[in-house]
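Colleague: Questions regarding the structure given below will be posed in turn.
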Amino acid sequence: MNLVNRNSIKYCKKCLYNSHHPLGITFNNQGICSGCLVHEEKFKIDWKKKFSKLKKIVNNFQNKSYYDCVVPISGAKDSFFILHVVKKILGLNPLLVNYNIHHNTLRGLRNIATLRTTFDCDFVQKVVKPEKIKKINKISLEKFGSIYWHVLSGSTVFPVQIAVKYKIPLIIWGVHQGCDQVGMFSHHDEVEMTRKYRKNHDLLGYEAENFLNLTRVLRERDLKDFFYPSDKEILKVGVTGIYLSNYMKWDTNSQHKKMLRLYSYETYKQNRTFDLYNNVDCIHYNGLHDYLKLLKHGYSKITDHVNREIRFGRFTREEGQAIIHYYSNKKVTDKNSFLKYNNLTSSYLSGIFKKFRNSVFWEKRGNKWVLKNNSHKKKKMNIIEIEKRLGLVKTKPKHKNKDLDYHLYDKSWY
Ligand SMILES: [Zn+2]
C-alpha cells in the first residue's frame with residue numbers, strides 16, 4: 001500500500017473516494033483503494049462458516065442476564081435487518097436502545113414504533129434536554145463544522161452505558177463503517193467496538209470530556225450524558241460490542257429489499273441521495289449535515305452510496321460520477337428549520353461555511369464557489385433510469401392521521 005500525498009487529490013480507480021477520506025484511506029500500486037480491496041473479501045469469504053462462528057459467540061452470552069444483548073436501533077438504516085437476525089435467526093432476547101437524535105422525521109418515529117411492535121421488545125430511549133443540545137450544536141459547529149457531534153456521540157455511547165447499567169455484556173451493532181467504507185480493517189479481523197475508534201473516527205477526535213477545554217458554557221455535569229463508561233466499569237460487566245457485518249455479507253440494499261417483503265416500515269425519497277432507506281429518520285442528515293461534509297471533505301453522502309453500488313457492480317464508475325454530480329449540487333432545504341430551532345442566524349451559518357470550506361477541494365470562479373474536482377463533471381446521463389436498476393422500494397405511510405389518537409408513538413404502533 002502507498003500512503004498518499006495530503007496536498008494532492010487522488011481518486012480510486014474503481015470507486016470514487018478521494019485520498020482525503022476522513023476515516024483514512026490507502027491505495028495499492030494499481031490505484032485501488034483499501035475500501036475496494038476489503039470489499040472484495042465479501043465475494044471470497046465462506047459466510048456460512050462465518051455465521052456459524054457468530055452463533056457460537058452469541059451462545060456464550062445467552063442467558064447471562066434477563067436480556068441476552070443490547071441492540072442499538074434507529075428509525076432508519078438497517079435496524080429491521082439487525083433485529084431480524086438477532087431475534088428471528090439467532091433467537092436472542094434483546095433490549096432495544098435508542099438515542100433520540102432531536103431532528104426526527106415523523107416517519108422515523110413511526111419506524112421505531114413499528115420496529116418495537118413487530119419484534120415485541122423492551123425499549124430504552126435517551127432524550128437529552130433541548131437547551132443542552134443547542135449549546136453542543138453551536139460549539140461543534142464552530143469547532144468542527146459539524147451539527148452531528150451530539151448524535152454520533154450519544155448514539156455510540158448510550159448503548160454502552162445501558163449495557164453497563166443493566167449488566168448486559170453483549171452489544172450487537174450492524175455495520176462497521178471503517179471496515180465497509182475504507183477497509184480500515186479486514187473482515188477477518190472481526191474487529192470489535194472500542195473507545196479509541198469512537199473517539200478518533202465517530203467523534204472527530206473529541207470526546208465529551210474534551211469539550212470542557214473548548215467552552216465554559218458547558219460544565220462536566222452537563223456532558224455526563226456523553227461520557228464513555230470507564231474501563232473498570234466495562235471490565236466488571238465484560239461488555240463486548242460486535243458487528244454483524246463481520247459475520248454476514250453486508251449489502252444494505254439487498255437487506256432492505258428482503259426486510260420490506262417481511263415487514264412494513266417506511267422508506268422515503270430524500271433530497272441529496274437516491275438511497276430510500278438510510279437516514280430517512282433525520283431531517284438534517286441528508287441536508288445541512290451533508291452539505292457541511294461536502295464543504296470540508298469534497299464529497300458528501302451520495303458518494304458513499306454510489307461507491308457501495310459501484311463495488312457491488314450495480315453502477316459503473318462513469319454512472320456514479322453523473323449521479324454524484326446531480327445530487328451533490330442539489331439545494332439544501334433544511335437550513336432555516338435548523339437555524340430557527342438553534343436560535344442562530346443565516347449570516348452566522350454563512351460564516352461557518354466560509355470557515356470550513358476546504359480550499360483543497362473548492363475554488364472561486366467569478367462569484368461562485370465550485371468544486372475543483374473534474375470527475376464530478378461528466379457527461380449527462382438519465383439518472384432516473386440508472387437508479388431504477390437498483391429496484392429500490394418506495395413505500396407509503398401505512399396509517400392514517402386519525403389512528404394517532406389511540407396508537408401513540410410512546411406506547412408503540414400496531
Ligand atoms: Zn475504491
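Chain labels A, B, ... are given in the sequence in which chains occur in the C-alpha cells; within each chain residues are numbered consecutively from 1, and ligands are likewise numbered from 1 in the order shown.
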Please return as a compact mmCIF listing (two decimals) with C-alpha atoms, in the first residue's frame the residues found within 8 Å of ligand 1, counting only C-alpha atoms and all ligand atoms.

Modeller:
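Below you can see part.txt, which holds the result:
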# COMPACT_ATOMS: atom_id res chain seq x y z
CA TYR A 11 -9.08 9.12 -6.72
CA CYS A 12 -9.54 5.38 -6.52
CA LYS A 13 -9.58 3.81 -9.98
CA LYS A 14 -12.52 1.61 -9.06
CA CYS A 15 -14.75 3.69 -6.77
CA LEU A 16 -14.94 7.46 -6.31
CA TYR A 17 -13.37 8.01 -2.90
CA ILE A 32 -7.29 0.76 -6.00
CA CYS A 33 -8.33 2.00 -2.56
CA SER A 34 -8.25 -0.02 0.66
CA GLY A 35 -12.08 0.12 0.85
CA CYS A 36 -12.47 -1.58 -2.55
CA LEU A 37 -9.83 -4.18 -1.68
CA VAL A 182 -12.33 2.46 3.65
CA ASN A 307 -19.40 3.72 -4.11
CA ARG A 311 -18.43 -2.08 -5.59

Colleague: Select from segment 204-315 of chain A every residue with an atom at most 8 Å from any atom of segment 159-181 of chain A, then for each give the shortest pair of atoms and their distance in Å to one decimal, using only C-alpha atoms, rows by chain and rising number, as a tab-separated table.

Modeller:
residue	atom	partner	partner_atom	distance
A:Tyr228	CA	A:Gln161	CA	7.1
A:Pro229	CA	A:Gln161	CA	6.2
A:Glu233	CA	A:Val164	CA	6.7
A:Ile234	CA	A:Val164	CA	6.4
A:Val237	CA	A:Lys167	CA	5.6
A:Gly238	CA	A:Pro169	CA	5.3
A:Val239	CA	A:Pro169	CA	4.1
A:Thr240	CA	A:Leu170	CA	5.1
A:Gly241	CA	A:Ile171	CA	4.5
A:Ile242	CA	A:Ile172	CA	5.3
A:Tyr243	CA	A:Trp173	CA	4.8
A:Leu244	CA	A:Gly174	CA	5.1
A:Ser245	CA	A:Val175	CA	4.8
A:Asn246	CA	A:Val175	CA	7.9
A:Trp250	CA	A:Val175	CA	7.4
A:Asp304	CA	A:Gln181	CA	7.4

Colleague: Do you have, as a tab-separated table, the list of residues of segment 85-195 of chain A lying at most 12 Å from segment 207-220 of chain A, each with its nearest atom pair and that distance in Å to one decimal, counting only C-alpha atoms and ordered by chain then number?

Modeller:
residue	atom	partner	partner_atom	distance
A:Glu131	CA	A:Leu218	CA	10.8
A:Lys132	CA	A:Leu218	CA	8.1
A:Ile133	CA	A:Leu218	CA	10.6
A:Lys134	CA	A:Leu218	CA	11.1
A:Lys135	CA	A:Val217	CA	7.5
A:Ile136	CA	A:Leu218	CA	8.1
A:Asn137	CA	A:Leu218	CA	11.7
A:Lys138	CA	A:Val217	CA	10.5
A:Ile139	CA	A:Thr215	CA	7.6
A:Ser140	CA	A:Phe211	CA	9.0
A:Glu142	CA	A:Leu214	CA	10.1
A:Lys143	CA	A:Leu214	CA	8.2
A:Phe144	CA	A:Leu214	CA	11.2
A:Trp149	CA	A:Glu207	CA	9.5
A:His150	CA	A:Ala208	CA	9.1
A:Leu152	CA	A:Glu207	CA	10.6
A:Ser153	CA	A:Glu207	CA	7.8
A:Gly154	CA	A:Ala208	CA	9.9
A:Thr156	CA	A:Glu207	CA	11.2
A:Val157	CA	A:Glu207	CA	10.3
A:Arg195	CA	A:Glu207	CA	9.5

Colleague: Tell me which protein, DNA and RNA residues are within 6 Å of Arg357 of chain A, counting only C-alpha atoms, leaving out same-chain ones fewer than 3 positions away, and put them as a list of chain:residue names.

Modeller: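 The residues that qualify are A:Leu295, A:Lys296, A:Phe353, A:Lys354.
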
Colleague: Segment 216-245 of chain A: which residues are helix (DSSP H, G or I) by DSSP, as an MDAnalysis selection string?

Modeller: chainID A and resid 220:226 231:237 244:245

Colleague: So that I can check the secondary structure, give me every residue of segment 75-290 of chain A assigned strand (DSSP E or B) by backbone DSSP, as a list in words.

Modeller: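 DSSP-assigned strand (DSSP E or B) residues in segment 75-290 of chain A: Pro94, Leu95, Leu96, Val97, Asn98, Tyr99, Asn104, Asp122, Phe123, Val124, Gln125, Lys126, Leu170, Ile171, Ile172, Trp173, Thr240, Gly241, Ile242, Tyr243 and Cys282 of chain A.
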
Colleague: Mind writing the picked residues with C-alpha atoms as a short mmCIF file (atom, residue, chain, number, x, y, z; two decimals), in the first residue's frame?

Modeller:
data_model
loop_
_atom_site.label_atom_id
_atom_site.label_comp_id
_atom_site.auth_asym_id
_atom_site.auth_seq_id
_atom_site.Cartn_x
_atom_site.Cartn_y
_atom_site.Cartn_z
CA PRO A 94 -32.53 -8.13 23.04
CA LEU A 95 -33.02 -4.86 24.89
CA LEU A 96 -33.53 -2.16 22.26
CA VAL A 97 -31.72 1.09 22.87
CA ASN A 98 -32.13 4.40 21.06
CA TYR A 99 -30.53 7.81 21.41
CA ASN A 104 -36.56 13.26 13.90
CA ASP A 122 -38.38 -3.88 25.60
CA PHE A 123 -37.05 -0.47 24.71
CA VAL A 124 -35.00 2.26 26.39
CA GLN A 125 -34.55 5.72 24.93
CA LYS A 126 -32.34 8.63 25.91
CA LEU A 170 -23.08 -8.14 24.66
CA ILE A 171 -23.90 -5.27 22.28
CA ILE A 172 -24.76 -6.17 18.68
CA TRP A 173 -24.13 -3.45 16.09
CA THR A 240 -18.19 -6.60 24.25
CA GLY A 241 -19.54 -4.93 21.11
CA ILE A 242 -19.60 -6.99 17.90
CA TYR A 243 -20.56 -6.06 14.33
CA CYS A 282 -33.41 12.58 10.23
#

Colleague: Which residues are close to Gly108 of chain A, i.e. within 12 Å by only C-alpha atoms, leaving aside same-chain residues fewer than 4 positions away? Reply as an MDAnalysis selection string.

Modeller: chainID A and resid 73:77 79 98 100:104 112:115 265:268 277:283 397 409

Colleague: Could you dump the residues just selected with N, CA and C atoms as a compact mmCIF listing (two decimals), in the first residue's frame?

Modeller:
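As a result, again.txt now contains:
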# COMPACT_ATOMS: atom_id res chain seq x y z
N ILE A 73 -30.82 0.84 18.07
CA ILE A 73 -31.71 0.94 16.90
C ILE A 73 -32.00 2.41 16.56
N SER A 74 -32.51 2.61 15.35
CA SER A 74 -32.97 3.94 14.94
C SER A 74 -34.21 3.76 14.08
N GLY A 75 -34.75 4.87 13.58
CA GLY A 75 -35.94 4.80 12.73
C GLY A 75 -35.57 4.67 11.26
N ALA A 76 -34.35 4.20 11.01
CA ALA A 76 -33.90 4.03 9.62
C ALA A 76 -32.75 3.04 9.59
N LYS A 77 -31.92 3.17 8.57
CA LYS A 77 -30.74 2.31 8.39
C LYS A 77 -31.15 0.84 8.42
N SER A 79 -31.93 -1.19 10.96
CA SER A 79 -32.47 -1.67 12.23
C SER A 79 -33.38 -2.89 12.08
N ASN A 98 -32.16 3.33 22.08
CA ASN A 98 -32.13 4.40 21.06
C ASN A 98 -31.74 5.73 21.70
N ASN A 100 -32.14 9.60 21.13
CA ASN A 100 -33.01 10.48 20.35
C ASN A 100 -32.18 11.56 19.64
N ILE A 101 -32.27 11.59 18.32
CA ILE A 101 -31.38 12.45 17.52
C ILE A 101 -31.83 13.92 17.50
N HIS A 102 -33.02 14.20 18.02
CA HIS A 102 -33.54 15.57 18.10
C HIS A 102 -33.91 16.19 16.75
N HIS A 103 -33.64 15.49 15.67
CA HIS A 103 -34.03 16.04 14.35
C HIS A 103 -34.92 15.00 13.66
N ASN A 104 -35.78 14.38 14.44
CA ASN A 104 -36.56 13.26 13.90
C ASN A 104 -37.57 13.67 12.84
N ILE A 112 -39.61 3.49 14.34
CA ILE A 112 -39.19 2.94 15.64
C ILE A 112 -40.37 2.24 16.31
N ALA A 113 -41.54 2.89 16.26
CA ALA A 113 -42.74 2.29 16.87
C ALA A 113 -43.07 0.96 16.19
N THR A 114 -43.01 0.93 14.87
CA THR A 114 -43.30 -0.31 14.13
C THR A 114 -42.30 -1.41 14.49
N LEU A 115 -41.05 -1.01 14.60
CA LEU A 115 -39.99 -1.95 14.95
C LEU A 115 -40.24 -2.59 16.32
N TYR A 265 -42.28 -1.11 6.99
CA TYR A 265 -41.79 0.16 7.52
C TYR A 265 -41.66 1.15 6.37
N GLU A 266 -41.37 2.39 6.73
CA GLU A 266 -41.46 3.44 5.72
C GLU A 266 -40.10 3.82 5.13
N THR A 267 -40.08 3.97 3.82
CA THR A 267 -38.90 4.46 3.12
C THR A 267 -39.24 5.85 2.59
N TYR A 268 -38.25 6.53 2.03
CA TYR A 268 -38.52 7.93 1.64
C TYR A 268 -37.52 8.42 0.61
N TYR A 277 -33.47 4.36 2.07
CA TYR A 277 -33.51 3.63 3.34
C TYR A 277 -32.70 4.26 4.47
N ASN A 278 -31.47 4.67 4.15
CA ASN A 278 -30.59 5.15 5.21
C ASN A 278 -30.90 6.58 5.61
N ASN A 279 -30.96 6.80 6.92
CA ASN A 279 -31.12 8.15 7.49
C ASN A 279 -32.41 8.86 7.13
N VAL A 280 -33.46 8.11 6.77
CA VAL A 280 -34.75 8.75 6.48
C VAL A 280 -35.44 9.20 7.77
N ASP A 281 -34.82 8.91 8.90
CA ASP A 281 -35.37 9.32 10.20
C ASP A 281 -34.91 10.72 10.59
N CYS A 282 -34.00 11.31 9.82
CA CYS A 282 -33.41 12.58 10.23
C CYS A 282 -33.68 13.70 9.22
N ILE A 283 -34.08 14.85 9.72
CA ILE A 283 -34.37 15.99 8.84
C ILE A 283 -33.09 16.57 8.25
N PRO A 397 -46.99 5.73 3.90
CA PRO A 397 -47.33 5.51 5.31
C PRO A 397 -48.50 4.55 5.43
N TYR A 409 -47.17 7.12 19.70
CA TYR A 409 -45.83 6.60 19.45
C TYR A 409 -45.22 6.00 20.72

Colleague: Applying 7 Å and only C-alpha atoms, which residues near segment 333-342 of chain A remain after dropping the ones on its own chain fewer than 6 positions away? List them as JSON, numbers by chain.

Modeller: {"A": [134, 284, 287, 288]}

Colleague: Got time to write the residues from that selection, C-alpha atoms, as a JSON list (two decimals), in the first residue's frame?

Modeller:
[["chain", "number", "residue", "atom", "x", "y", "z"],
["A", 134, "LYS", "CA", -28.44, 23.65, 21.27],
["A", 284, "HIS", "CA", -30.80, 17.27, 8.59],
["A", 287, "GLY", "CA", -29.42, 18.18, 4.17],
["A", 288, "LEU", "CA", -27.34, 20.64, 6.15]]

Colleague: Can you tell me how far atom CA of Ile352 of chain A sits from atom CA of Thr273 of chain A, in Å to one decimal?

Modeller: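 Going from atom CA of Ile352 of chain A over to atom CA of Thr273 of chain A, I get 23.6 Å.
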
Colleague: Applying 9 Å and only C-alpha atoms, which residues near segment 324-331 of chain A remain after dropping the ones on its own chain fewer than 3 positions away? List them as a PyMOL selection string.

Modeller: chain A and resi 271-274+287+290-291+294+299-303+306+319-321+375-378+383

Colleague: Please provide as a list in words all residues within 10 Å of Asp251 of chain A, with the sequence filter that same-chain residues fewer than 4 positions apart are discarded (counting only C-alpha atoms).

Modeller: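 Final neighbour list, sorted by chain and number: Lys42, Asp78, Val175, Asp180, Ser245, Gln255, His256, Arg308, Glu309 and Phe312 of chain A.
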